[in-house]
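Student: Sending over structure_16.cif (mmCIF, C-alpha atoms).
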data_final
#
loop_
_atom_site.label_atom_id
_atom_site.label_comp_id
_atom_site.auth_asym_id
_atom_site.auth_seq_id
_atom_site.Cartn_x
_atom_site.Cartn_y
_atom_site.Cartn_z
CA MET A 1 0.00 0.00 0.00
CA THR A 2 2.83 2.35 0.83
CA PHE A 3 4.37 1.67 -2.57
CA VAL A 4 1.14 2.56 -4.35
CA ASN A 5 0.87 5.85 -2.47
CA LYS A 6 4.43 6.79 -3.41
CA LEU A 7 3.76 5.96 -7.06
CA SER A 8 0.58 8.07 -7.06
CA LYS A 9 2.43 11.05 -5.59
CA SER A 10 5.13 10.69 -8.24
CA PHE A 11 2.56 10.80 -11.02
CA ARG A 12 0.91 13.90 -9.55
CA TRP A 13 4.27 15.65 -9.37
CA LEU A 14 5.03 14.68 -12.99
CA ARG A 15 1.68 16.03 -14.21
CA CYS A 16 2.16 19.33 -12.36
CA SER A 17 5.70 19.82 -13.67
CA THR A 18 4.60 19.03 -17.24
CA LEU A 19 1.74 21.54 -17.04
CA CYS A 20 4.09 24.22 -15.68
CA ALA A 21 6.57 23.57 -18.47
CA ILE A 22 3.85 23.90 -21.11
CA LEU A 23 2.62 27.19 -19.64
CA PHE A 24 6.18 28.52 -19.50
CA TYR A 25 6.85 27.68 -23.18
CA MET A 26 3.56 29.25 -24.26
CA PHE A 27 4.42 32.42 -22.37
CA PHE A 28 7.90 32.49 -23.91
CA ILE A 29 6.56 32.00 -27.47
CA GLY A 30 4.00 34.76 -26.90
CA LEU A 31 6.79 37.17 -25.91
CA ILE A 32 8.74 36.32 -29.08
CA LEU A 33 5.72 36.86 -31.33
CA HIS A 34 4.88 40.16 -29.66
CA SER A 35 8.45 41.39 -30.06
CA THR A 36 8.60 40.40 -33.71
CA SER A 37 5.27 42.09 -34.50
CA HIS A 38 6.39 45.28 -32.79
CA LYS A 39 9.63 45.36 -34.78
CA LEU A 40 7.75 44.86 -38.08
CA GLN A 41 5.41 47.76 -37.31
CA GLN A 42 8.36 49.99 -36.52
CA HIS A 43 10.09 48.98 -39.77
CA GLN A 44 6.95 49.79 -41.83
CA GLN A 45 6.59 53.17 -40.14
CA GLN A 46 10.23 53.98 -40.90
CA GLN A 47 9.75 53.09 -44.58
CA GLN A 48 6.67 55.28 -44.82
CA GLN A 49 8.50 58.20 -43.24
CA GLN A 50 11.45 57.76 -45.62
CA GLN A 51 9.10 57.67 -48.60
CA GLN A 52 7.35 60.85 -47.46
CA GLN A 53 10.69 62.61 -47.00
CA LYS A 54 11.80 61.47 -50.46
CA ASP A 55 8.58 62.77 -52.03
CA GLN A 56 9.01 66.13 -50.31
CA LYS A 57 12.60 66.43 -51.60
CA ASP A 58 11.64 65.43 -55.22
CA PRO A 59 8.17 66.89 -55.95
CA GLY A 60 8.76 66.93 -59.74
CA SER A 61 8.62 63.17 -60.18
CA SER A 62 4.83 62.95 -60.15
CA HIS A 63 4.62 65.98 -62.42
CA SER A 64 6.97 64.39 -64.97
CA SER A 65 4.95 61.17 -64.84
CA SER A 66 1.71 62.98 -65.61
CA SER A 67 3.43 64.98 -68.34
CA SER A 68 4.72 61.86 -70.05
CA SER A 69 1.23 60.37 -69.85
CA SER A 70 -0.30 63.43 -71.52
CA ILE A 71 2.40 63.43 -74.19
CA SER A 72 1.78 59.74 -74.99
CA THR A 73 -1.96 60.41 -75.16
CA SER A 74 -1.55 63.31 -77.56
CA SER A 75 0.84 61.23 -79.69
CA ALA A 76 -1.68 58.42 -79.83
CA ALA A 77 -4.41 60.83 -80.91
CA ALA A 78 -2.16 62.32 -83.59
CA ALA A 79 -1.31 58.87 -84.91
CA ALA A 80 -4.98 57.98 -85.02
CA GLN A 81 -5.82 61.17 -86.90
CA GLU A 82 -3.11 60.41 -89.43
CA ALA A 83 -4.43 56.86 -89.84
CA ALA A 84 -7.97 58.16 -90.29
CA LYS A 85 -6.79 60.16 -93.31
CA LEU A 86 -6.03 56.87 -95.07
CA ALA A 87 -9.76 56.07 -95.29
CA PRO A 88 -11.25 57.93 -98.28
CA SER A 89 -14.90 58.69 -98.74
CA VAL A 90 -16.36 55.89 -100.82
CA GLY A 91 -19.51 56.41 -102.83
CA HIS A 92 -22.14 53.87 -103.78
CA GLN A 93 -20.51 50.43 -103.98
CA GLN A 94 -21.93 47.73 -106.19
CA GLN A 95 -20.27 44.52 -104.93
CA PRO A 96 -21.68 42.49 -101.99
CA SER A 97 -18.70 42.39 -99.66
CA LEU A 98 -17.87 46.08 -99.72
CA VAL A 99 -21.48 47.17 -99.55
CA ALA A 100 -21.89 44.98 -96.48
CA ALA A 101 -18.72 46.41 -94.94
CA SER A 102 -20.05 49.95 -95.38
CA ALA A 103 -23.36 48.96 -93.85
CA LYS A 104 -21.57 47.43 -90.88
CA GLU A 105 -19.57 50.60 -90.30
CA GLU A 106 -22.69 52.79 -90.56
CA LYS A 107 -24.54 50.57 -88.10
CA ALA A 108 -21.67 50.69 -85.62
CA GLN A 109 -21.49 54.49 -85.87
CA LYS A 110 -25.20 54.77 -85.14
CA ALA A 111 -24.63 52.72 -82.01
CA GLY A 112 -21.98 55.20 -80.88
CA GLY A 113 -19.00 53.09 -81.90
CA VAL A 114 -16.64 52.57 -84.77
CA GLY A 115 -16.90 49.78 -87.35
CA GLY A 116 -15.00 46.55 -86.86
CA GLY A 117 -12.04 45.25 -88.81
CA LEU A 118 -8.35 46.01 -88.74
CA ALA A 119 -8.63 49.39 -90.43
CA THR A 120 -11.19 50.93 -88.12
CA GLY A 121 -9.15 50.10 -85.02
CA THR A 122 -7.10 53.29 -85.20
CA ALA A 123 -10.15 55.50 -85.51
CA ALA A 124 -11.49 54.06 -82.25
CA VAL A 125 -8.89 56.08 -80.32
CA LEU A 126 -10.63 59.31 -81.28
CA SER A 127 -14.07 58.21 -80.16
CA SER A 128 -13.09 56.15 -77.13
CA SER A 129 -13.66 57.60 -73.68
CA LYS A 130 -11.42 55.07 -71.93
CA SER A 131 -8.42 55.97 -69.86
CA PRO A 132 -5.28 56.54 -71.96
CA ASN A 133 -3.36 54.24 -69.61
CA GLN A 134 -5.25 51.15 -70.75
CA PRO A 135 -3.30 48.76 -73.02
CA GLU A 136 -6.01 48.71 -75.71
CA THR A 137 -5.45 52.41 -76.49
CA VAL A 138 -1.71 51.90 -76.86
CA ILE A 139 -2.25 49.03 -79.30
CA LEU A 140 -4.73 51.01 -81.36
CA ALA A 141 -2.43 53.99 -81.54
CA ALA A 142 0.31 51.87 -83.06
CA SER A 143 -1.95 50.12 -85.58
CA ASN A 144 -1.21 52.72 -88.28
CA VAL A 145 2.26 51.20 -88.70
CA ASN A 146 0.87 47.67 -88.50
CA GLU A 147 -1.63 48.40 -91.28
CA LYS A 148 1.11 49.41 -93.70
CA GLN A 149 3.11 46.29 -92.84
CA ILE A 150 0.07 44.06 -93.37
CA LEU A 151 -0.72 45.64 -96.73
CA ALA A 152 2.92 45.48 -97.87
CA LYS A 153 3.13 41.78 -96.96
CA ALA A 154 -0.10 40.95 -98.81
CA PHE A 155 0.98 43.02 -101.84
CA LYS A 156 4.28 41.15 -102.07
CA ARG A 157 2.53 37.76 -101.96
CA ALA A 158 -0.03 38.76 -104.58
CA ASP A 159 2.59 40.20 -106.96
CA ARG A 160 3.39 36.97 -108.80
CA ASN A 161 5.71 38.49 -111.41
CA HIS A 162 7.44 40.79 -108.88
CA ASP A 163 7.09 43.92 -111.01
CA GLY A 164 5.82 46.10 -108.14
CA ARG A 165 2.29 46.34 -109.60
CA LEU A 166 -0.82 44.18 -109.33
CA SER A 167 -3.05 43.30 -112.25
CA ILE A 168 -6.68 42.43 -111.69
CA GLN A 169 -5.83 38.78 -112.46
CA GLU A 170 -3.05 38.69 -109.86
CA LEU A 171 -5.27 40.28 -107.23
CA GLY A 172 -8.15 37.93 -108.09
CA GLN A 173 -5.92 34.85 -107.84
CA TYR A 174 -4.55 35.94 -104.47
CA ILE A 175 -8.04 36.63 -103.09
CA ASN A 176 -9.21 33.26 -104.37
CA ARG A 177 -6.35 31.49 -102.54
CA ARG A 178 -7.26 33.35 -99.35
CA ILE A 179 -10.93 32.38 -99.69
CA VAL A 180 -10.22 28.71 -100.38
CA GLU A 181 -7.77 28.51 -97.45
CA HIS A 182 -10.28 30.17 -95.12
CA ILE A 183 -13.21 27.93 -96.09
CA ASP A 184 -11.15 24.71 -95.98
CA GLU A 185 -9.77 25.64 -92.57
CA ALA A 186 -13.24 26.49 -91.24
CA ILE A 187 -14.65 23.12 -92.35
CA MET A 188 -11.65 21.21 -91.00
CA ASN A 189 -11.77 22.90 -87.57
CA ASN A 190 -15.55 22.82 -87.16
CA ALA A 191 -15.76 19.39 -85.48
CA ARG A 192 -12.92 20.17 -83.08
CA GLU A 193 -14.40 23.51 -82.04
CA PHE A 194 -17.84 21.92 -81.71
CA ARG A 195 -16.44 19.47 -79.14
CA ARG A 196 -14.80 22.33 -77.22
CA VAL A 197 -18.14 24.16 -76.95
CA ASP A 198 -20.41 21.15 -76.36
CA ILE A 199 -19.39 20.42 -72.77
CA GLY A 200 -22.40 21.11 -70.58
CA PRO A 201 -23.30 18.29 -71.19
CA ALA A 202 -21.60 16.80 -74.27
CA ASP A 203 -24.83 15.67 -75.97
CA GLY A 204 -24.14 16.52 -79.62
CA LEU A 205 -26.07 19.79 -79.38
CA ILE A 206 -24.86 23.28 -78.50
CA THR A 207 -27.10 25.58 -76.50
CA TRP A 208 -26.76 29.36 -76.43
CA ASP A 209 -25.48 29.19 -72.85
CA GLU A 210 -22.71 26.80 -73.90
CA TYR A 211 -21.67 29.03 -76.78
CA HIS A 212 -21.92 32.17 -74.64
CA ARG A 213 -19.56 30.71 -72.05
CA PHE A 214 -17.18 29.58 -74.82
CA PHE A 215 -17.22 33.09 -76.31
CA LEU A 216 -16.36 34.66 -72.95
CA ARG A 217 -13.56 32.13 -72.32
CA GLU A 218 -12.11 32.97 -75.73
CA HIS A 219 -12.02 36.61 -74.63
CA GLY A 220 -9.95 35.83 -71.54
CA MET A 221 -12.60 35.53 -68.81
CA THR A 222 -12.35 32.95 -66.03
CA GLU A 223 -15.19 30.66 -64.99
CA ALA A 224 -15.78 32.80 -61.89
CA ASP A 225 -16.00 35.94 -64.03
CA ILE A 226 -18.36 34.21 -66.45
CA ASP A 227 -20.71 33.24 -63.60
CA GLU A 228 -20.96 36.89 -62.56
CA HIS A 229 -21.08 38.29 -66.11
CA ASP A 230 -23.99 40.55 -67.08
CA GLU A 231 -25.25 38.95 -70.28
CA ILE A 232 -27.51 41.90 -71.10
CA ARG A 233 -25.00 44.74 -70.83
CA HIS A 234 -21.74 42.83 -71.40
CA THR A 235 -19.91 45.52 -69.44
CA ALA A 236 -16.84 43.30 -68.96
CA LEU A 237 -16.22 43.14 -72.75
CA ASN A 238 -14.67 45.76 -74.97
CA ARG A 239 -16.65 47.42 -77.75
CA ARG A 240 -15.52 45.07 -80.52
CA ALA A 241 -16.39 41.99 -78.48
CA ARG A 242 -19.82 43.40 -77.64
CA GLU A 243 -20.49 44.02 -81.32
CA ASP A 244 -19.45 40.46 -82.16
CA MET A 245 -21.74 39.10 -79.44
CA MET A 246 -24.72 41.08 -80.77
CA ARG A 247 -23.98 39.83 -84.28
CA ASP A 248 -23.82 36.23 -83.05
CA LYS A 249 -27.16 36.58 -81.28
CA ALA A 250 -28.77 37.74 -84.51
CA ARG A 251 -27.20 34.91 -86.53
CA TRP A 252 -28.15 32.21 -84.01
CA SER A 253 -31.84 32.23 -84.94
CA GLU A 254 -30.99 32.01 -88.64
CA ALA A 255 -28.68 29.02 -88.16
CA ALA A 256 -30.94 27.11 -85.73
CA ARG A 257 -33.22 25.42 -88.25
CA THR A 258 -34.00 22.22 -86.34
CA ASP A 259 -34.50 23.72 -82.87
CA LEU A 260 -34.44 27.41 -82.00
CA PHE A 261 -32.52 26.75 -78.77
CA THR A 262 -29.80 24.36 -79.98
CA LEU A 263 -27.41 23.87 -82.90
CA THR A 264 -26.29 20.62 -84.51
CA ILE A 265 -22.74 20.28 -85.81
CA ASP A 266 -23.81 21.27 -89.35
CA GLU A 267 -25.84 24.20 -88.05
CA TYR A 268 -22.86 25.29 -85.96
CA LEU A 269 -20.75 25.51 -89.13
CA SER A 270 -23.48 27.62 -90.72
CA PHE A 271 -23.55 29.79 -87.60
CA ARG A 272 -19.81 30.33 -87.30
CA HIS A 273 -18.89 30.28 -91.00
CA PRO A 274 -21.99 30.83 -93.14
CA GLU A 275 -19.87 31.10 -96.28
CA SER A 276 -18.70 27.50 -95.70
CA SER A 277 -22.17 26.01 -95.30
CA VAL A 278 -23.84 24.29 -98.26
CA SER A 279 -27.25 24.99 -96.74
CA ASN A 280 -26.51 28.71 -96.77
CA LEU A 281 -25.39 28.54 -100.40
CA LEU A 282 -28.63 26.74 -101.27
CA GLU A 283 -30.52 29.59 -99.66
CA LEU A 284 -28.65 32.01 -101.91
CA VAL A 285 -29.77 29.94 -104.89
CA ASP A 286 -33.37 30.13 -103.65
CA ASP A 287 -32.97 33.89 -103.32
CA LEU A 288 -31.74 34.17 -106.91
CA LEU A 289 -34.70 32.15 -108.16
CA ARG A 290 -37.16 34.24 -106.14
CA GLN A 291 -35.74 37.43 -107.63
CA PHE A 292 -35.30 36.37 -111.26
CA ASP A 293 -37.39 33.28 -112.05
CA GLN A 294 -40.44 34.93 -113.61
CA ASP A 295 -42.20 31.81 -114.94
CA GLY A 296 -41.56 29.69 -111.82
CA ASP A 297 -39.91 26.75 -113.64
CA ASP A 298 -37.04 26.62 -111.10
CA GLN A 299 -34.54 27.69 -113.78
CA LEU A 300 -33.17 30.98 -115.05
CA THR A 301 -33.03 31.98 -118.68
CA LEU A 302 -30.78 34.64 -120.16
CA GLU A 303 -33.69 37.08 -120.40
CA GLU A 304 -34.81 36.48 -116.80
CA PHE A 305 -31.31 36.98 -115.44
CA SER A 306 -30.82 40.17 -117.46
CA ASP A 307 -34.20 41.73 -116.69
CA LEU A 308 -34.20 44.56 -114.12
CA ASN A 309 -37.61 46.07 -114.79
CA VAL A 310 -38.70 46.34 -111.18
CA ASP A 311 -40.11 49.19 -109.15
CA ASP A 312 -38.70 48.19 -105.77
CA ASP A 313 -35.45 50.10 -105.17
CA ASP A 314 -34.19 47.49 -102.72
CA ASP A 315 -34.81 44.71 -105.21
CA LEU A 316 -33.06 46.75 -107.88
CA LEU A 317 -30.06 47.16 -105.61
CA ARG A 318 -29.87 43.43 -104.92
CA LYS A 319 -29.96 42.62 -108.60
CA SER A 320 -27.39 45.24 -109.46
CA LEU A 321 -24.94 43.54 -107.10
CA ILE A 322 -24.52 40.74 -109.62
CA SER A 323 -23.42 42.87 -112.58
CA LYS A 324 -23.50 46.54 -113.44
CA THR A 325 -24.87 46.76 -116.97
CA LEU A 326 -27.21 44.74 -119.14
CA VAL A 327 -24.37 43.75 -121.45
CA GLU A 328 -22.24 42.58 -118.52
CA ARG A 329 -25.09 40.56 -117.06
CA ARG A 330 -25.79 38.81 -120.35
CA GLU A 331 -22.10 38.08 -120.83
CA GLU A 332 -21.83 36.78 -117.27
CA PHE A 333 -24.76 34.41 -117.81
CA LYS A 334 -23.33 33.01 -121.06
CA ARG A 335 -19.72 32.72 -119.96
CA ILE A 336 -19.98 31.78 -116.26
CA ILE A 337 -23.45 30.66 -115.17
CA ASP A 338 -24.73 28.57 -118.09
CA LYS A 339 -22.07 25.87 -118.01
CA ASN A 340 -23.69 23.49 -120.52
CA HIS A 341 -24.74 26.36 -122.82
CA ASP A 342 -28.35 25.22 -123.13
CA GLY A 343 -29.71 28.72 -122.51
CA LYS A 344 -30.89 27.91 -118.97
CA ALA A 345 -29.32 27.79 -115.53
CA ASP A 346 -30.56 25.07 -113.16
CA ARG A 347 -29.94 24.83 -109.42
CA GLY A 348 -26.62 23.03 -109.87
CA GLU A 349 -25.26 25.75 -112.14
CA LEU A 350 -26.54 28.48 -109.82
CA LEU A 351 -24.97 26.73 -106.82
CA TYR A 352 -21.61 26.80 -108.57
CA TYR A 353 -22.17 30.47 -109.43
CA VAL A 354 -22.73 31.55 -105.80
CA ASN A 355 -19.98 29.33 -104.36
CA PRO A 356 -17.31 31.66 -102.88
CA LYS A 357 -14.54 29.19 -103.76
CA THR A 358 -14.98 29.73 -107.50
CA PRO A 359 -12.47 32.07 -109.20
CA ARG A 360 -15.36 34.21 -110.45
CA TYR A 361 -16.20 35.26 -106.92
CA ALA A 362 -12.68 36.47 -106.16
CA LEU A 363 -12.31 38.16 -109.54
CA GLN A 364 -15.48 40.11 -108.86
CA GLU A 365 -14.06 41.32 -105.53
CA ALA A 366 -10.81 42.29 -107.27
CA ALA A 367 -12.71 44.25 -109.92
CA THR A 368 -14.51 46.19 -107.23
CA LEU A 369 -11.25 47.04 -105.46
CA PHE A 370 -9.79 48.23 -108.76
CA SER A 371 -12.79 50.43 -109.52
CA LEU A 372 -12.48 52.10 -106.12
CA CYS A 373 -8.72 52.39 -105.71
CA ASP A 374 -7.04 52.49 -109.13
CA ALA A 375 -6.43 56.24 -108.98
CA ASN A 376 -4.77 56.70 -112.39
CA LYS A 377 -7.02 54.13 -114.12
CA ASP A 378 -4.08 52.24 -115.63
CA GLU A 379 -5.60 48.88 -114.63
CA LEU A 380 -2.67 48.26 -112.29
CA LEU A 381 -2.47 48.73 -108.53
CA THR A 382 0.63 49.96 -106.73
CA LEU A 383 1.38 49.61 -103.05
CA LYS A 384 0.85 53.35 -102.62
CA GLU A 385 -2.66 53.09 -104.08
CA MET A 386 -3.36 50.32 -101.60
CA THR A 387 -2.06 52.24 -98.58
CA ASP A 388 -3.92 55.37 -99.71
CA ASN A 389 -7.10 53.27 -99.52
CA ALA A 390 -6.07 51.23 -96.50
CA GLU A 391 -9.50 50.98 -94.92
CA ILE A 392 -11.08 49.48 -98.04
CA PHE A 393 -8.39 46.82 -98.45
CA LEU A 394 -8.21 45.97 -94.75
CA GLN A 395 -11.93 45.19 -94.73
CA SER A 396 -11.82 43.21 -97.97
CA LYS A 397 -11.27 39.50 -98.49
CA MET A 398 -7.70 40.21 -99.53
CA ILE A 399 -6.78 40.90 -95.88
CA ASP A 400 -9.62 40.21 -93.44
CA THR A 401 -11.21 37.28 -95.25
CA ALA A 402 -13.17 35.88 -92.30
CA ASN A 403 -14.78 39.12 -91.09
CA SER A 404 -15.53 40.23 -94.64
CA PHE A 405 -17.42 36.99 -95.23
CA HIS A 406 -19.24 37.17 -91.90
CA THR A 407 -20.36 40.73 -92.59
CA GLU A 408 -21.50 39.88 -96.12
CA PHE A 409 -23.42 36.73 -95.23
#
How does the structure come out when it is put into structure tokens?

Tutor:
Amino acid sequence: MTFVNKLSKSFRWLRCSTLCAILFYMFFIGLILHSTSHKLQQHQQQQQQQQQQKDQKDPGSSHSSSSSSSISTSSAAAAAQEAAKLAPSVGHQQQPSLVAASAKEEKAQKAGGVGGGLATGTAAVLSSSKSPNQPETVILAASNVNEKQILAKAFKRADRNHDGRLSIQELGQYINRRIVEHIDEAIMNNAREFRRVDIGPADGLITWDEYHRFFLREHGMTEADIDEHDEIRHTALNRRAREDMMRDKARWSEAARTDLFTLTIDEYLSFRHPESSVSNLLELVDDLLRQFDQDGDDQLTLEEFSDLNVDDDDDLLRKSLISKTLVERREEFKRIIDKNHDGKADRGELLYYVNPKTPRYALQEAATLFSLCDANKDELLTLKEMTDNAEIFLQSKMIDTANSFHTEF
């Protein structure tokens, strides 16, 4: 019994000494933390005082910073004004792509913005109310130099005989290569992009919400930002992105033929690249027949294609986009449309006629560019004539093939 009592007292002493040791260490650690925190506060206060003293001794530093900012802003505005001079006033344009480009620019100006495309980027500096310190303004201010480099590079590639001048055939061939490359690439990448968008869930159909989230991700937004994004105002997007989103909303209903709320893989191609979609080209054929087929036999004759005796100004404009004069229209029908020379054009021949991959389509675009930009009317284009009309070329299929197609279709 005595041994048990001694053992119990030993355990009590051990517990008490252990508790005291723990309390002592906790107290010691608390003193160390308090001392360290106090020293850090003193160090921060000393740094703040030194910074204040330095600012008082050198008051001109902030002034020079603001001066340099104002100088860079004025330089950017001057560069933008110089770039804006490159865009001449263009009158009534007969060809589809350039007419559509002008309409796009007018629509954007009515909305308080500036038209899309590479050329109109510099003009956005003048109308933008954003802070001059934002990166977008700096990029736009420098785009005047980039435009000349882009045009010079395209001119060199199109100049097959390297004589420093472009004929209408050289320009047409280059535009045709650009169109074929763009359409082939769009078709090849459609399935891969479809799988990237169709993820919520991956059911073989794309909803607007899936595409909207894909669009925002492509513009650098995180999933958290997308969840908080205002889909009505799109305040987190820049002006160009907002315009693209509004355009996509309008095109969605046209592409969604099976179901208004979803797109199949073929409809997605029509939505993203309408110029690459056979269904869209068939609609163009239907439109031609509605406008010209007077007897309703689902074919066009030479007389029907050449006839423009209509009272509707809009209808007259649409028909005039094909050719300018009666002689040109008749020649176009005989030489290009009526492949078997039987005096009639069926749906197959009309489908070939409206296909953007045909050389005729590119040659027509080249002819329009020549009529607008060949200043001395020598039927040859120089690099200077291109740079003098930079805005027209930068919005054409020679440079911005994709956006030119999307605007036109």

Student: Taking only C-alpha atoms into account, name the residue in A:Arg290, A:Lys39, A:His212, A:Lys334 that is nearest to A:Asp230.

Tutor: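 Among the listed residues, the smallest separation from A:Asp230 belongs to A:His212.
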
Student: For the atom pair atom CA of A:Asp203 and atom CA of A:Glu283, what is the interatomic distance in Å to one decimal place?

Tutor: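 Value for the atom CA of A:Asp203-atom CA of A:Glu283 distance: 28.1 Å.
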
Student: Mind giving me the straight-line distance from atom CA of A:Ala402 to atom CA of A:His182 in Å, one decimal?

Tutor: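 The value is 7.0 Å.
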
Student: Excluding A:Asp297 and its own-chain neighbours fewer than 3 positions away, which residues fall within 12 Å of it when counting all atoms listed in the file? Please give them as a list in words.

Tutor: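 Skipping anything fewer than 3 positions along the chain leaves Leu289, Arg290, Phe292, Asp293, Gln294, Leu300, Thr301, Glu304, Lys344, Ala345, Asp346 and Arg347 of chain A.
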
Student: Kindly resolve the PyMOL selection byres ((chain A and resi 158-160) around 9) on the present coordinates and return the residues as a ChimeraX atom specification.

Tutor: /A:153-157,161-167,170-175

Student: Which distance in Å separates atom CA of A:Thr207 and atom CA of A:Leu282, to one decimal?

Tutor: 24.8 Å

Student: With distances taken over all atoms listed in the file, which of A:Glu379, A:Glu365, A:Asp298, A:Glu275 is nearest to A:Gln395?

Tutor: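 The shortest atom-to-atom distance to A:Gln395 comes from A:Glu365.
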
Student: Just checking: using only C-alpha atoms, which residue out of A:Leu14, A:Gly220, A:Asp307, A:His273 ends up closest to A:Thr407?

Tutor: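 Of the candidates, the smallest distance to A:Thr407 is held by A:His273.
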
Student: Which of these residues is nearest to A:Tyr353, using all atoms listed in the file: A:Phe333, A:Phe305, A:Phe271, A:Phe215?

Tutor: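 The shortest atom-to-atom distance to A:Tyr353 comes from A:Phe333.
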
Student: Within 10 Å of (-19.8, 37.4, -80.0) (coordinates as in the file), grab all the protein and nucleic acid residues, counting only C-alpha atoms, and write them out as a list in words.

Tutor: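 The answer, in the requested form, is Tyr211, His212, Phe214, Phe215, Leu216, Glu218, His219, Leu237, Arg240, Ala241, Arg242, Glu243, Asp244, Met245, Met246, Arg247, Asp248 and Lys249 of chain A.
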
Student: Taking only C-alpha atoms into account, name the residue in A:Tyr352, A:Tyr361, A:Tyr268, A:Phe28 that is nearest to A:Lys397.

Tutor: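 Closest to A:Lys397, using only C-alpha atoms: A:Tyr361.
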
Student: Any idea what's packed within 8 Å of A:Phe370, counting only C-alpha atoms, ignoring anything in its chain fewer than 4 positions away? Could you give it as a PyMOL selection string?

Tutor: chain A and resi 168+366+374+379-381

Student: Would you put the residues from that selection into a file with C-alpha atoms, as a PDB file, keeping the file's coordinate frame?

Tutor:
ATOM      1  CA  ILE A 168      -6.680  42.430-111.690  1.00  0.00           C
ATOM      2  CA  ALA A 366     -10.810  42.290-107.270  1.00  0.00           C
ATOM      3  CA  ASP A 374      -7.040  52.490-109.130  1.00  0.00           C
ATOM      4  CA  GLU A 379      -5.600  48.880-114.630  1.00  0.00           C
ATOM      5  CA  LEU A 380      -2.670  48.260-112.290  1.00  0.00           C
ATOM      6  CA  LEU A 381      -2.470  48.730-108.530  1.00  0.00           C
TER       7      LEU A 381
END

Student: With 6 Å as the threshold, what does the neighbourhood of (-27.1, 20.8, -81.2) contain in terms of residues, counting only C-alpha atoms? Coordinates are those of the file; answer as a ChimeraX atom specification.

Tutor: /A:204-206,262-264

Student: Report the residues retrieved by the PyMOL selection byres ((chain A and resi 269) around 12) from the displayed file, expressed as an MDAnalysis selection string.

Tutor: chainID A and resid 183:194 206 251:252 255:256 263:268 270:280
